[in-house]
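S.K.: One file is attached below, run_16.tsv, containing TSV, C-alpha atoms and all ligand atoms.
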chain	number	residue	atom	x	y	z
A	1427	MET	CA	-5.78	46.59	-43.88
A	1428	HIS	CA	-7.41	43.26	-43.34
A	1429	VAL	CA	-4.79	40.53	-43.82
A	1430	LEU	CA	-5.32	36.77	-43.96
A	1431	LEU	CA	-2.38	34.66	-42.81
A	1432	ILE	CA	-2.50	31.02	-43.85
A	1433	GLY	CA	-0.53	29.64	-40.91
A	1434	GLY	CA	0.34	32.52	-38.57
A	1435	ASN	CA	0.66	30.57	-35.31
A	1436	ARG	CA	4.21	29.24	-35.07
A	1437	PHE	CA	7.26	31.26	-36.08
A	1438	VAL	CA	7.54	33.69	-39.01
A	1439	GLY	CA	3.75	33.87	-39.36
A	1440	ARG	CA	3.34	34.50	-35.66
A	1441	LEU	CA	5.92	37.31	-35.80
A	1442	LEU	CA	4.10	38.78	-38.80
A	1443	ALA	CA	0.71	38.59	-37.08
A	1444	TRP	CA	2.17	40.41	-34.08
A	1445	ARG	CA	3.67	43.11	-36.31
A	1446	LEU	CA	0.41	43.61	-38.21
A	1447	LEU	CA	-1.63	43.83	-35.01
A	1448	ALA	CA	0.87	46.31	-33.55
A	1449	GLY	CA	0.42	48.37	-36.71
A	1450	GLY	CA	-3.34	48.52	-36.15
A	1451	HIS	CA	-4.34	46.07	-38.89
A	1452	ARG	CA	-7.07	43.43	-38.81
A	1453	VAL	CA	-5.72	39.88	-38.88
A	1454	THR	CA	-7.37	36.55	-39.69
A	1455	LEU	CA	-5.40	33.33	-39.10
A	1456	LEU	CA	-6.21	30.13	-40.96
A	1457	ASN	CA	-4.59	26.95	-39.64
A	1458	ARG	CA	-5.54	23.57	-38.13
A	1459	GLY	CA	-5.12	24.75	-34.55
A	1460	ASN	CA	-2.31	22.35	-33.65
A	1461	VAL	CA	-0.18	25.21	-32.31
A	1462	ALA	CA	-1.80	27.72	-29.94
A	1463	ASP	CA	-1.24	31.36	-30.90
A	1464	PRO	CA	-0.87	34.06	-28.24
A	1465	PHE	CA	-3.24	36.66	-29.74
A	1466	GLY	CA	-6.40	36.13	-27.66
A	1467	GLU	CA	-9.36	38.17	-28.88
A	1468	ARG	CA	-7.26	40.26	-31.23
A	1469	VAL	CA	-7.43	37.90	-34.21
A	1470	GLU	CA	-10.12	36.04	-36.09
A	1471	ARG	CA	-9.39	32.28	-36.33
A	1472	LEU	CA	-10.44	29.98	-39.15
A	1473	ARG	CA	-9.80	26.28	-38.46
A	1474	ALA	CA	-9.11	24.29	-41.61
A	1475	ASP	CA	-6.66	21.98	-43.30
A	1476	ARG	CA	-5.81	23.92	-46.43
A	1477	ALA	CA	-5.70	20.63	-48.35
A	1478	GLY	CA	-9.29	19.74	-47.41
A	1479	PRO	CA	-12.77	21.04	-48.33
A	1480	ASP	CA	-13.00	23.41	-45.34
A	1481	PHE	CA	-10.45	25.67	-47.00
A	1482	GLU	CA	-12.93	26.64	-49.74
A	1483	ARG	CA	-15.95	26.55	-47.44
A	1484	LEU	CA	-14.45	28.99	-44.91
A	1485	LEU	CA	-13.04	31.40	-47.47
A	1486	GLU	CA	-16.09	31.37	-49.75
A	1487	GLY	CA	-17.40	34.91	-50.12
A	1488	ARG	CA	-14.58	36.42	-48.05
A	1489	SER	CA	-12.14	39.07	-49.27
A	1490	PHE	CA	-8.90	40.47	-47.86
A	1491	ASP	CA	-6.58	43.34	-48.67
A	1492	ALA	CA	-3.68	40.91	-48.62
A	1493	VAL	CA	-3.04	37.21	-48.02
A	1494	VAL	CA	0.28	35.82	-46.78
A	1495	ASP	CA	0.59	32.08	-47.27
A	1496	LEU	CA	3.06	30.48	-44.85
A	1497	ALA	CA	1.84	26.92	-45.36
A	1498	ALA	CA	1.98	26.37	-49.14
A	1499	TYR	CA	4.03	23.31	-50.04
A	1500	THR	CA	2.69	21.81	-53.28
A	1501	GLY	CA	1.54	22.68	-56.77
A	1502	GLU	CA	-2.01	21.90	-55.69
A	1503	ASP	CA	-1.69	24.37	-52.78
A	1504	GLY	CA	-0.69	27.10	-55.25
A	1505	ARG	CA	-3.41	26.26	-57.80
A	1506	ARG	CA	-6.17	26.15	-55.19
A	1507	ALA	CA	-5.05	29.38	-53.54
A	1508	ALA	CA	-4.97	31.19	-56.89
A	1509	ALA	CA	-8.36	29.82	-57.98
A	1510	LEU	CA	-10.04	30.60	-54.66
A	1511	LEU	CA	-8.51	34.00	-53.95
A	1512	GLU	CA	-8.55	35.45	-57.46
A	1513	GLY	CA	-10.57	38.67	-57.27
A	1514	ARG	CA	-10.79	38.42	-53.47
A	1515	THR	CA	-7.43	39.89	-52.53
A	1516	ARG	CA	-5.28	42.72	-53.81
A	1517	HIS	CA	-2.06	40.79	-53.14
A	1518	TYR	CA	-1.08	37.22	-52.33
A	1519	LEU	CA	2.41	36.47	-50.94
A	1520	MET	CA	3.81	32.97	-50.76
A	1521	VAL	CA	6.69	32.18	-48.41
A	1522	SER	CA	9.00	29.83	-50.31
A	1523	THR	CA	12.48	28.48	-49.62
A	1524	GLY	CA	16.05	28.64	-50.87
A	1525	GLN	CA	15.81	24.90	-51.45
A	1526	VAL	CA	14.11	25.67	-54.76
A	1527	TYR	CA	17.69	26.34	-55.99
A	1528	LEU	CA	19.31	23.34	-54.32
A	1529	VAL	CA	17.09	20.93	-56.26
A	1530	ARG	CA	17.75	22.67	-59.57
A	1531	GLU	CA	20.03	20.69	-61.88
A	1532	GLY	CA	23.20	22.61	-62.66
A	1533	CYS	CA	22.55	25.48	-60.24
A	1534	PRO	CA	25.94	26.92	-59.17
A	1535	HIS	CA	27.08	25.33	-55.92
A	1536	PRO	CA	26.17	27.61	-53.01
A	1537	ALA	CA	29.75	27.48	-51.71
A	1538	ARG	CA	30.94	29.07	-54.96
A	1539	GLU	CA	28.18	31.50	-55.75
A	1540	PRO	CA	25.13	32.71	-53.82
A	1541	ALA	CA	21.87	31.80	-55.59
A	1542	ARG	CA	20.25	34.65	-57.50
A	1543	GLU	CA	16.60	34.65	-58.54
A	1544	GLU	CA	17.45	34.06	-62.20
A	1545	TYR	CA	19.08	30.71	-61.32
A	1546	TYR	CA	15.63	29.30	-60.65
A	1547	ASP	CA	14.76	28.34	-64.22
A	1548	GLY	CA	15.87	24.92	-65.43
A	1549	PRO	CA	15.35	21.22	-64.89
A	1550	VAL	CA	15.07	19.66	-61.46
A	1551	MET	CA	17.64	17.05	-60.37
A	1552	ALA	CA	16.58	13.41	-60.15
A	1553	ARG	CA	15.03	12.12	-56.93
A	1554	PRO	CA	17.93	11.06	-54.65
A	1555	GLU	CA	18.49	7.35	-54.01
A	1556	ASP	CA	19.43	8.03	-50.41
A	1557	PRO	CA	16.24	8.02	-48.28
A	1558	ALA	CA	17.90	10.52	-45.90
A	1559	GLU	CA	17.98	13.10	-48.73
A	1560	ARG	CA	14.45	12.55	-49.99
A	1561	ASP	CA	12.46	14.71	-47.59
A	1562	ASP	CA	14.62	17.72	-48.41
A	1563	TRP	CA	14.43	17.04	-52.13
A	1564	GLU	CA	10.64	16.65	-51.99
A	1565	TYR	CA	10.30	19.83	-49.97
A	1566	GLY	CA	12.27	21.81	-52.57
A	1567	VAL	CA	10.46	20.24	-55.51
A	1568	GLY	CA	7.06	20.80	-53.85
A	1569	LYS	CA	7.82	24.46	-53.21
A	1570	ARG	CA	8.89	24.84	-56.84
A	1571	ALA	CA	5.62	23.29	-58.04
A	1572	CYS	CA	3.73	25.76	-55.85
A	1573	GLU	CA	5.74	28.69	-57.18
A	1574	ASP	CA	5.22	27.50	-60.76
A	1575	ALA	CA	1.46	27.21	-60.25
A	1576	LEU	CA	1.35	30.78	-58.97
A	1577	ALA	CA	3.51	32.09	-61.79
A	1578	ALA	CA	1.18	30.34	-64.27
A	1579	ALA	CA	-1.96	31.89	-62.77
A	1580	ARG	CA	-2.10	34.83	-65.16
A	1581	GLY	CA	-3.47	38.02	-63.63
A	1582	PHE	CA	-3.32	36.68	-60.05
A	1583	PRO	CA	-1.30	39.25	-58.05
A	1584	ALA	CA	1.18	36.86	-56.42
A	1585	THR	CA	4.70	37.45	-55.03
A	1586	ARG	CA	7.08	34.67	-53.99
A	1587	VAL	CA	9.58	35.22	-51.18
A	1588	ARG	CA	12.44	32.72	-50.90
A	1589	ILE	CA	14.17	32.34	-47.56
A	1590	PRO	CA	17.09	30.25	-46.29
A	1591	MET	CA	17.24	28.72	-42.80
A	1592	VAL	CA	15.42	31.05	-40.44
A	1593	ASN	CA	16.87	31.90	-37.04
A	1594	GLY	CA	15.22	33.67	-34.16
A	1595	PRO	CA	13.87	33.16	-30.67
A	1596	LEU	CA	10.78	31.20	-31.79
A	1597	ASP	CA	12.63	28.75	-34.06
A	1598	TYR	CA	10.77	25.46	-33.54
A	1599	PHE	CA	13.63	23.52	-35.18
A	1600	ARG	CA	15.75	24.82	-32.27
A	1601	ARG	CA	18.80	25.07	-34.53
A	1602	ILE	CA	20.87	27.82	-32.86
A	1603	GLU	CA	19.68	26.54	-29.52
A	1604	ARG	CA	21.58	23.29	-30.12
A	1605	TYR	CA	24.85	25.24	-30.24
A	1606	LEU	CA	23.84	27.36	-27.25
A	1607	TRP	CA	23.11	24.40	-24.97
A	1608	ARG	CA	26.52	22.95	-25.77
A	1609	LEU	CA	28.23	26.29	-25.21
A	1610	ALA	CA	26.34	26.72	-21.94
A	1611	ASP	CA	27.12	23.28	-20.50
A	1612	GLY	CA	30.84	23.88	-20.80
A	1613	GLY	CA	31.35	22.35	-24.21
A	1614	PRO	CA	32.74	21.13	-26.37
A	1615	VAL	CA	30.77	22.12	-29.46
A	1616	ILE	CA	31.42	19.58	-32.21
A	1617	LEU	CA	31.28	20.81	-35.79
A	1618	PRO	CA	31.33	17.66	-37.96
A	1619	GLY	CA	33.22	18.25	-41.18
A	1620	GLY	CA	34.68	21.44	-39.70
A	1621	GLY	CA	33.34	24.96	-39.44
A	1622	ALA	CA	35.12	26.56	-42.38
A	1623	HIS	CA	32.08	26.80	-44.69
A	1624	ARG	CA	30.19	30.06	-44.90
A	1625	VAL	CA	26.59	30.38	-43.69
A	1626	ARG	CA	24.02	32.96	-44.69
A	1627	HIS	CA	20.65	32.73	-42.99
A	1628	VAL	CA	17.80	35.11	-42.23
A	1629	ASP	CA	16.17	36.29	-39.03
A	1630	GLY	CA	12.47	35.51	-38.56
A	1631	SER	CA	11.63	39.06	-37.44
A	1632	GLU	CA	13.33	40.46	-40.54
A	1633	VAL	CA	11.25	38.22	-42.80
A	1634	ALA	CA	8.10	39.38	-41.01
A	1635	ARG	CA	9.14	43.01	-41.35
A	1636	PHE	CA	9.82	42.59	-45.07
A	1637	LEU	CA	6.51	40.82	-45.73
A	1638	ALA	CA	4.60	43.56	-43.90
A	1639	SER	CA	6.43	46.23	-45.89
A	1640	ILE	CA	5.43	44.89	-49.31
A	1641	LEU	CA	1.81	43.97	-48.64
A	1642	LEU	CA	0.49	46.58	-51.04
A	1643	ARG	CA	3.43	46.89	-53.44
A	1644	GLU	CA	2.12	46.21	-56.92
A	1645	ASP	CA	5.64	46.29	-58.38
A	1646	THR	CA	6.28	42.91	-56.73
A	1647	PHE	CA	3.40	41.13	-58.50
A	1648	GLY	CA	4.58	38.12	-60.48
A	1649	ARG	CA	8.11	38.40	-59.04
A	1650	ALA	CA	10.29	36.34	-56.72
A	1651	TYR	CA	12.70	37.74	-54.11
A	1652	ASN	CA	15.45	36.18	-52.02
A	1653	LEU	CA	15.80	37.38	-48.45
A	1654	ALA	CA	18.96	36.81	-46.41
A	1655	GLN	CA	21.35	38.54	-44.04
A	1656	GLU	CA	24.26	40.38	-45.62
A	1657	GLU	CA	26.95	38.79	-43.44
A	1658	THR	CA	28.49	35.48	-44.46
A	1659	PRO	CA	30.46	34.24	-41.43
A	1660	THR	CA	31.99	30.79	-41.39
A	1661	LEU	CA	30.14	28.36	-39.15
A	1662	ARG	CA	33.04	28.51	-36.71
A	1663	GLU	CA	32.83	32.33	-36.59
A	1664	LEU	CA	29.08	32.10	-35.99
A	1665	VAL	CA	29.54	29.67	-33.08
A	1666	GLU	CA	32.35	31.82	-31.66
A	1667	ALA	CA	30.05	34.87	-31.79
A	1668	LEU	CA	27.37	32.91	-29.91
A	1669	GLY	CA	29.99	31.90	-27.34
A	1670	ARG	CA	31.01	35.54	-26.81
A	1671	LEU	CA	27.39	36.66	-26.38
A	1672	LEU	CA	26.76	33.86	-23.91
A	1673	GLY	CA	30.03	34.40	-22.04
A	1674	SER	CA	31.16	30.87	-22.78
A	1675	GLY	CA	34.72	29.81	-23.37
A	1676	ALA	CA	33.72	26.31	-24.52
A	1677	ALA	CA	36.07	24.61	-26.95
A	1678	ILE	CA	35.09	23.89	-30.56
A	1679	ALA	CA	36.09	20.54	-32.08
A	1680	GLU	CA	36.11	20.04	-35.87
A	1681	PRO	CA	36.39	16.31	-36.64
A	1682	PRO	CA	35.64	14.80	-40.04
A	1683	ALA	CA	31.93	13.98	-40.43
A	1684	GLU	CA	32.81	10.28	-40.96
A	1685	ARG	CA	34.45	10.18	-37.56
A	1686	VAL	CA	31.26	11.51	-35.97
A	1687	ARG	CA	29.14	8.95	-37.84
A	1688	ALA	CA	31.57	6.18	-36.81
A	1689	ALA	CA	30.90	7.16	-33.19
A	1690	GLY	CA	27.19	6.56	-33.85
A	1691	LEU	CA	26.27	10.26	-33.84
A	1692	ASP	CA	24.31	12.09	-36.54
A	1693	PRO	CA	26.23	15.16	-37.81
A	1694	ALA	CA	23.04	17.04	-38.79
A	1695	VAL	CA	21.47	16.51	-35.35
A	1696	LEU	CA	24.66	17.60	-33.60
A	1697	SER	CA	25.19	20.62	-35.81
A	1698	PRO	CA	22.17	21.59	-37.94
A	1699	PHE	CA	24.24	24.09	-39.94
A	1700	HIS	CA	26.33	21.17	-41.15
A	1701	ASP	CA	23.48	20.07	-43.43
A	1702	ARG	CA	24.14	20.16	-47.17
A	1703	TRP	CA	20.49	21.18	-47.69
A	1704	MET	CA	21.31	24.69	-46.51
A	1705	SER	CA	20.77	27.31	-49.17
A	1706	PHE	CA	22.97	30.35	-49.60
A	1707	LEU	CA	21.07	33.22	-51.19
A	1708	ASP	CA	21.98	36.52	-52.80
A	1709	PRO	CA	19.60	39.12	-51.34
A	1710	GLY	CA	20.58	41.78	-53.92
A	1711	ARG	CA	17.23	42.05	-55.72
A	1712	ALA	CA	15.21	42.70	-52.55
A	1713	ARG	CA	17.88	45.14	-51.38
A	1714	ASP	CA	18.30	47.07	-54.63
A	1715	GLU	CA	14.70	47.06	-55.88
A	1716	LEU	CA	12.73	47.13	-52.64
A	1717	GLY	CA	15.17	48.69	-50.17
A	1718	PHE	CA	15.34	45.58	-47.95
A	1719	ARG	CA	17.88	45.98	-45.15
A	1720	HIS	CA	18.53	43.12	-42.76
A	1721	ALA	CA	19.43	44.10	-39.18
A	1722	PRO	CA	23.10	43.34	-38.33
A	1723	LEU	CA	23.76	39.66	-37.63
A	1724	GLU	CA	25.25	40.36	-34.19
A	1725	HIS	CA	22.01	42.12	-33.19
A	1726	CYS	CA	19.91	39.10	-34.31
A	1727	LEU	CA	22.17	36.62	-32.52
A	1728	ALA	CA	21.98	38.72	-29.35
A	1729	ALA	CA	18.17	38.47	-29.46
A	1730	VAL	CA	18.40	34.67	-29.74
A	1731	VAL	CA	20.87	34.48	-26.85
A	1732	SER	CA	18.71	36.81	-24.68
A	1733	SER	CA	15.66	34.69	-25.35
A	1734	PHE	CA	17.67	31.54	-24.57
A	1735	THR	CA	18.78	32.88	-21.20
A	1736	CYS	CA	15.51	34.62	-20.22
A	1737	HIS	CA	12.88	32.16	-21.47
A	1738	THR	CA	14.55	29.02	-20.23
A	1739	ARG	CA	13.24	25.66	-21.37
A	1740	ALA	CA	13.68	22.57	-19.26
A	1741	ASP	CA	13.89	20.21	-22.22
A	1742	ARG	CA	17.04	20.24	-24.28
A	1743	PRO	CA	16.88	20.12	-28.07
A	1744	PRO	CA	17.15	16.78	-29.93
A	1745	GLY	CA	20.60	15.18	-29.71
A	1746	CYS	CA	21.54	16.63	-26.33
A	1747	GLU	CA	20.59	13.37	-24.61
A	1748	ARG	CA	23.82	11.95	-26.05
A	1749	ARG	CA	26.17	14.61	-24.68
A	1750	ALA	CA	28.24	12.02	-22.81
A	1751	GLU	CA	29.04	10.30	-26.11
A	1752	GLU	CA	29.89	13.64	-27.73
A	1753	ARG	CA	32.29	14.39	-24.88
A	1754	ALA	CA	33.87	10.96	-25.16
A	1755	LEU	CA	34.41	11.54	-28.87
A	1756	ALA	CA	35.95	14.97	-28.25
A	1757	LEU	CA	38.27	13.49	-25.62
A	1758	ALA	CA	39.34	10.70	-27.98
A	1759	LEU	CA	39.98	13.25	-30.72
A	1760	ALA	CA	42.05	15.41	-28.41
A	1761	SER	CA	44.17	12.44	-27.37
A	1762	GLY	CA	44.44	11.14	-30.93
A	1763	GLY	CA	42.53	7.95	-30.02
A	1764	ALA	CA	40.02	5.93	-32.01
A	1765	GLY	CA	36.90	7.48	-30.38
B	1801	LIG	N1	11.98	27.78	-40.61
B	1801	LIG	C1	12.82	27.76	-41.61
B	1801	LIG	O1	14.04	27.59	-41.44
B	1801	LIG	C2	12.31	27.96	-43.03
B	1801	LIG	C3	13.25	28.02	-44.07
B	1801	LIG	C4	12.80	28.24	-45.36
B	1801	LIG	C5	11.43	28.38	-45.61
B	1801	LIG	N2	10.54	28.30	-44.59
B	1801	LIG	C6	9.11	28.45	-44.87
B	1801	LIG	O2	8.58	29.40	-44.01
B	1801	LIG	C7	7.17	29.22	-43.97
B	1801	LIG	C8	6.71	29.71	-42.65
B	1801	LIG	O3	6.84	28.76	-41.62
B	1801	LIG	P1	6.51	29.17	-40.11
B	1801	LIG	O4	6.28	27.92	-39.36
B	1801	LIG	O5	7.53	30.09	-39.61
B	1801	LIG	O6	5.11	29.97	-40.26
B	1801	LIG	P2	3.86	30.14	-39.31
B	1801	LIG	O7	2.82	30.83	-40.13
B	1801	LIG	O8	4.22	30.73	-38.01
B	1801	LIG	O9	3.38	28.63	-39.07
B	1801	LIG	C9	2.92	27.85	-40.11
B	1801	LIG	C10	1.65	27.16	-39.65
B	1801	LIG	O10	0.97	26.66	-40.79
B	1801	LIG	C11	0.06	25.71	-40.32
B	1801	LIG	N3	-0.16	24.71	-41.36
B	1801	LIG	C12	0.73	23.82	-41.85
B	1801	LIG	N4	0.14	22.99	-42.73
B	1801	LIG	C13	-1.16	23.38	-42.79
B	1801	LIG	C14	-2.29	22.90	-43.50
B	1801	LIG	N5	-2.22	21.83	-44.29
B	1801	LIG	N6	-3.47	23.55	-43.36
B	1801	LIG	C15	-3.57	24.61	-42.53
B	1801	LIG	N7	-2.54	25.10	-41.82
B	1801	LIG	C16	-1.35	24.48	-41.94
B	1801	LIG	C17	0.66	25.09	-39.06
B	1801	LIG	O11	-0.25	25.22	-37.97
B	1801	LIG	P3	-1.25	24.01	-37.64
B	1801	LIG	O12	-0.41	22.79	-37.48
B	1801	LIG	O13	-1.93	24.46	-36.40
B	1801	LIG	O14	-2.19	23.89	-38.81
B	1801	LIG	C18	1.90	25.94	-38.80
B	1801	LIG	O15	2.02	26.27	-37.44
B	1801	LIG	C19	6.90	27.79	-44.41
B	1801	LIG	O16	6.21	27.82	-45.65
B	1801	LIG	C20	8.28	27.20	-44.63
B	1801	LIG	O17	8.34	26.34	-45.75
B	1801	LIG	C21	10.95	28.11	-43.29
Render the structure in this file as structure tokens.
M.R.:
Amino acid sequence: MHVLLIGGNRFVGRLLAWRLLAGGHRVTLLNRGNVADPFGERVERLRADRAGPDFERLLEGRSFDAVVDLAAYTGEDGRRAAALLEGRTRHYLMVSTGQVYLVREGCPHPAREPAREEYYDGPVMARPEDPAERDDWEYGVGKRACEDALAAARGFPATRVRIPMVNGPLDYFRRIERYLWRLADGGPVILPGGGAHRVRHVDGSEVARFLASILLREDTFGRAYNLAQEETPTLRELVEALGRLLGSGAAIAEPPAERVRAAGLDPAVLSPFHDRWMSFLDPGRARDELGFRHAPLEHCLAAVVSSFTCHTRADRPPGCERRAEERALALALASGGAG
């Protein structure tokens, strides 16, 4: 197969490109070239901003067995992709997000019920007043507009794949890494608001494996699928599992989020899995209809920990520069002080 990846140079797309190349396929990457990929002569590279005129110019007259779009964020992205690639590819897959549910008015709260694909339809909630919430809201609304444009493009063979937070060794948000640094430096790990809520993410390699497996599956045309791990540990259980894999006995502190804010620290920077913009998906459709099986969570976490210990980075993730203040807060909490 000849597969075009829009993106393909950072995380999930990079893992997919590797998998396709390993499987003997021909791969073309289209991106702006801000992030270097590691594929040398093995891939064709098209340099373009997908929102600009080069997108059409470079793809004019080209055709591909499949296209995987890892950089589609707006209704216009979806409309242009459908208009340009119609008749030029046998299958187009868009990587979407679980946030399409979080911005849906009246969608069951993720803590009560995992989001199923049929919860998608309905009105979108109003734009939040709080500027801190707006980027997440706009991201979810933009992804919805893109999905809607693809669904409206009658006859265009498109599939939408919705994913929650993605973990894995290449995660450029460095989410799990933030917990690992704090476990590795002796602790404590602070979980603002506590660690009792359940988390259900997905591993980047598993997303890549799934995408590769459905490249030519016509039964997915026009459909949307959630992907997520089966396990639903609490955040505290997840951090404890990371501690075991790392051999760390660091303590875990669970102060109220307000207490963390009062100490001048940002809960979401300290603990990215604290964020309320964290979707919780039901992966039943992909499992039952397409046979999707996610590798065991422990196995995925072990890969992240191995990468953390083998491919050491000198720079710590954002927030770690304020470890002394985190420790002071933990000490104050332990002694019942004001912090
Ligand atoms: N990571 C998560 O937790 C998460 C969660 C839910 C959904 N997702 C979705 O997963 C998808 C995959 O992300 P990924 O980073 O792992 O994939 P990737 O294919 O490895 O990287 C995406 C690449 O797209 C390129 N790109 C972005 N905007 C572009 C534009 N306007 N024109 C051309 N290229 C552009 C960027 O490279 P250049 O800067 O070099 O152009 C970026 O490196 C995204 O659609 C994201 O919304 C991710």
S.K.: Rounded to one decimal place, report the atom CA of A:Ala1634-atom CA of A:Glu1663 distance in Å.
M.R.: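 Pair atom CA of A:Ala1634 / atom CA of A:Glu1663 returns 26.1 Å.
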S.K.: With a cut-off of 6 Å, could you pull out the residues of stretch 1520-1634 of chain A touching stretch 1647-1651 of chain A and give me the nearest pair of atoms for each, distance in Å to one decimal, using all atoms listed in the file, ordered by chain and ascending number, as JSON lines?
M.R.:
{"residue": "A:Pro1583", "atom": "CA", "partner": "A:Phe1647", "partner_atom": "CA", "distance": 5.1}
{"residue": "A:Ala1584", "atom": "CA", "partner": "A:Phe1647", "partner_atom": "CA", "distance": 5.2}
{"residue": "A:Thr1585", "atom": "CA", "partner": "A:Phe1647", "partner_atom": "CA", "distance": 5.2}
{"residue": "A:Arg1586", "atom": "CA", "partner": "A:Ala1650", "partner_atom": "CA", "distance": 4.5}
{"residue": "A:Val1587", "atom": "CA", "partner": "A:Tyr1651", "partner_atom": "CA", "distance": 5.0}
{"residue": "A:Arg1588", "atom": "CA", "partner": "A:Tyr1651", "partner_atom": "CA", "distance": 6.0}
S.K.: Just give me the gap between atom CA of A:Asp1708 and atom CA of A:Glu1539 in Å, one decimal is fine.
M.R.: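 Computed distance, atom CA of A:Asp1708 to atom CA of A:Glu1539, equals 8.5 Å.
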S.K.: Please determine, counting only C-alpha atoms, which residue among A:Val1615, A:Leu1716, A:Glu1632, A:Ile1640 has the shortest atom-to-atom distance to A:Pro1681.
M.R.: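 Looking only at the distances to A:Pro1681, the closest residue turns out to be A:Val1615.
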S.K.: Taking all atoms listed in the file into account, which residues are within 6 Å of ligand LIG 1801 (chain B), as a PDB file with C-alpha atoms, in the frame of the given file?
M.R.:
ATOM      1  CA  GLY A1433      -0.530  29.640 -40.910  1.00  0.00           C
ATOM      2  CA  GLY A1434       0.340  32.520 -38.570  1.00  0.00           C
ATOM      3  CA  ASN A1435       0.660  30.570 -35.310  1.00  0.00           C
ATOM      4  CA  ARG A1436       4.210  29.240 -35.070  1.00  0.00           C
ATOM      5  CA  PHE A1437       7.260  31.260 -36.080  1.00  0.00           C
ATOM      6  CA  VAL A1438       7.540  33.690 -39.010  1.00  0.00           C
ATOM      7  CA  GLY A1439       3.750  33.870 -39.360  1.00  0.00           C
ATOM      8  CA  ARG A1440       3.340  34.500 -35.660  1.00  0.00           C
ATOM      9  CA  ASN A1457      -4.590  26.950 -39.640  1.00  0.00           C
ATOM     10  CA  ARG A1458      -5.540  23.570 -38.130  1.00  0.00           C
ATOM     11  CA  GLY A1459      -5.120  24.750 -34.550  1.00  0.00           C
ATOM     12  CA  ASN A1460      -2.310  22.350 -33.650  1.00  0.00           C
ATOM     13  CA  VAL A1461      -0.180  25.210 -32.310  1.00  0.00           C
ATOM     14  CA  ALA A1474      -9.110  24.290 -41.610  1.00  0.00           C
ATOM     15  CA  ASP A1475      -6.660  21.980 -43.300  1.00  0.00           C
ATOM     16  CA  ARG A1476      -5.810  23.920 -46.430  1.00  0.00           C
ATOM     17  CA  ALA A1477      -5.700  20.630 -48.350  1.00  0.00           C
ATOM     18  CA  LEU A1496       3.060  30.480 -44.850  1.00  0.00           C
ATOM     19  CA  ALA A1497       1.840  26.920 -45.360  1.00  0.00           C
ATOM     20  CA  ALA A1498       1.980  26.370 -49.140  1.00  0.00           C
ATOM     21  CA  VAL A1521       6.690  32.180 -48.410  1.00  0.00           C
ATOM     22  CA  SER A1522       9.000  29.830 -50.310  1.00  0.00           C
ATOM     23  CA  THR A1523      12.480  28.480 -49.620  1.00  0.00           C
ATOM     24  CA  ILE A1589      14.170  32.340 -47.560  1.00  0.00           C
ATOM     25  CA  PRO A1590      17.090  30.250 -46.290  1.00  0.00           C
ATOM     26  CA  MET A1591      17.240  28.720 -42.800  1.00  0.00           C
ATOM     27  CA  VAL A1592      15.420  31.050 -40.440  1.00  0.00           C
TER      28      VAL A1592
END
S.K.: Find the residue from A:Leu1641, A:Ala1541, A:Val1731, A:Ala1756 that sits nearest to A:Leu1430; use only C-alpha atoms when measuring.
M.R.: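 Once distances to A:Leu1430 are computed over only C-alpha atoms, the minimum belongs to A:Leu1641.
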S.K.: Using all atoms listed in the file for the distances, tell me which of A:Arg1560, A:Gly1619, A:Leu1707, A:Pro1479 is nearest to A:Tyr1527.
M.R.: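 Checking each of A:Arg1560, A:Gly1619, A:Leu1707, A:Pro1479 against A:Tyr1527, counting all atoms listed in the file, the winner is A:Leu1707.
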S.K.: From the set A:Ile1432, A:Glu1657, A:Asp1503, A:Glu1684, which residue has the shortest atom-to-atom contact distance to A:Arg1719, counting all atoms listed in the file?
M.R.: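 Between A:Ile1432, A:Glu1657, A:Asp1503, A:Glu1684, the residue approaching A:Arg1719 most closely is A:Glu1657.
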S.K.: What does the distance between atom CA of A:Ala1694 and atom CA of A:Pro1618 come to in Å, to one decimal place?
M.R.: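 Between these atoms lies a distance of 8.4 Å.
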S.K.: Using only C-alpha atoms, which of the listed residues (A:Ala1509, A:Leu1596, A:Leu1528, A:Leu1456) sits closest to A:Val1494?
M.R.: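 Between A:Ala1509, A:Leu1596, A:Leu1528, A:Leu1456, the residue approaching A:Val1494 most closely is A:Leu1456.
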S.K.: Would you save stretch 1573-1586 of chain A from the block above with C-alpha atoms, as a JSON list (two decimals), in the first residue's frame?
M.R.:
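Below is the file part16.json, written as the result:
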[["chain", "number", "residue", "atom", "x", "y", "z"],
["A", 1573, "GLU", "CA", -15.99, 15.24, 11.92],
["A", 1574, "ASP", "CA", -19.29, 16.78, 10.80],
["A", 1575, "ALA", "CA", -17.77, 17.99, 7.53],
["A", 1576, "LEU", "CA", -16.49, 14.49, 6.82],
["A", 1577, "ALA", "CA", -19.80, 12.87, 7.72],
["A", 1578, "ALA", "CA", -21.55, 15.33, 5.38],
["A", 1579, "ALA", "CA", -19.24, 14.54, 2.45],
["A", 1580, "ARG", "CA", -21.49, 11.92, 0.90],
["A", 1581, "GLY", "CA", -19.64, 9.09, -0.82],
["A", 1582, "PHE", "CA", -16.24, 10.08, 0.63],
["A", 1583, "PRO", "CA", -14.87, 6.94, 2.35],
["A", 1584, "ALA", "CA", -13.99, 8.49, 5.71],
["A", 1585, "THR", "CA", -13.62, 6.92, 9.18],
["A", 1586, "ARG", "CA", -13.28, 8.90, 12.42]]
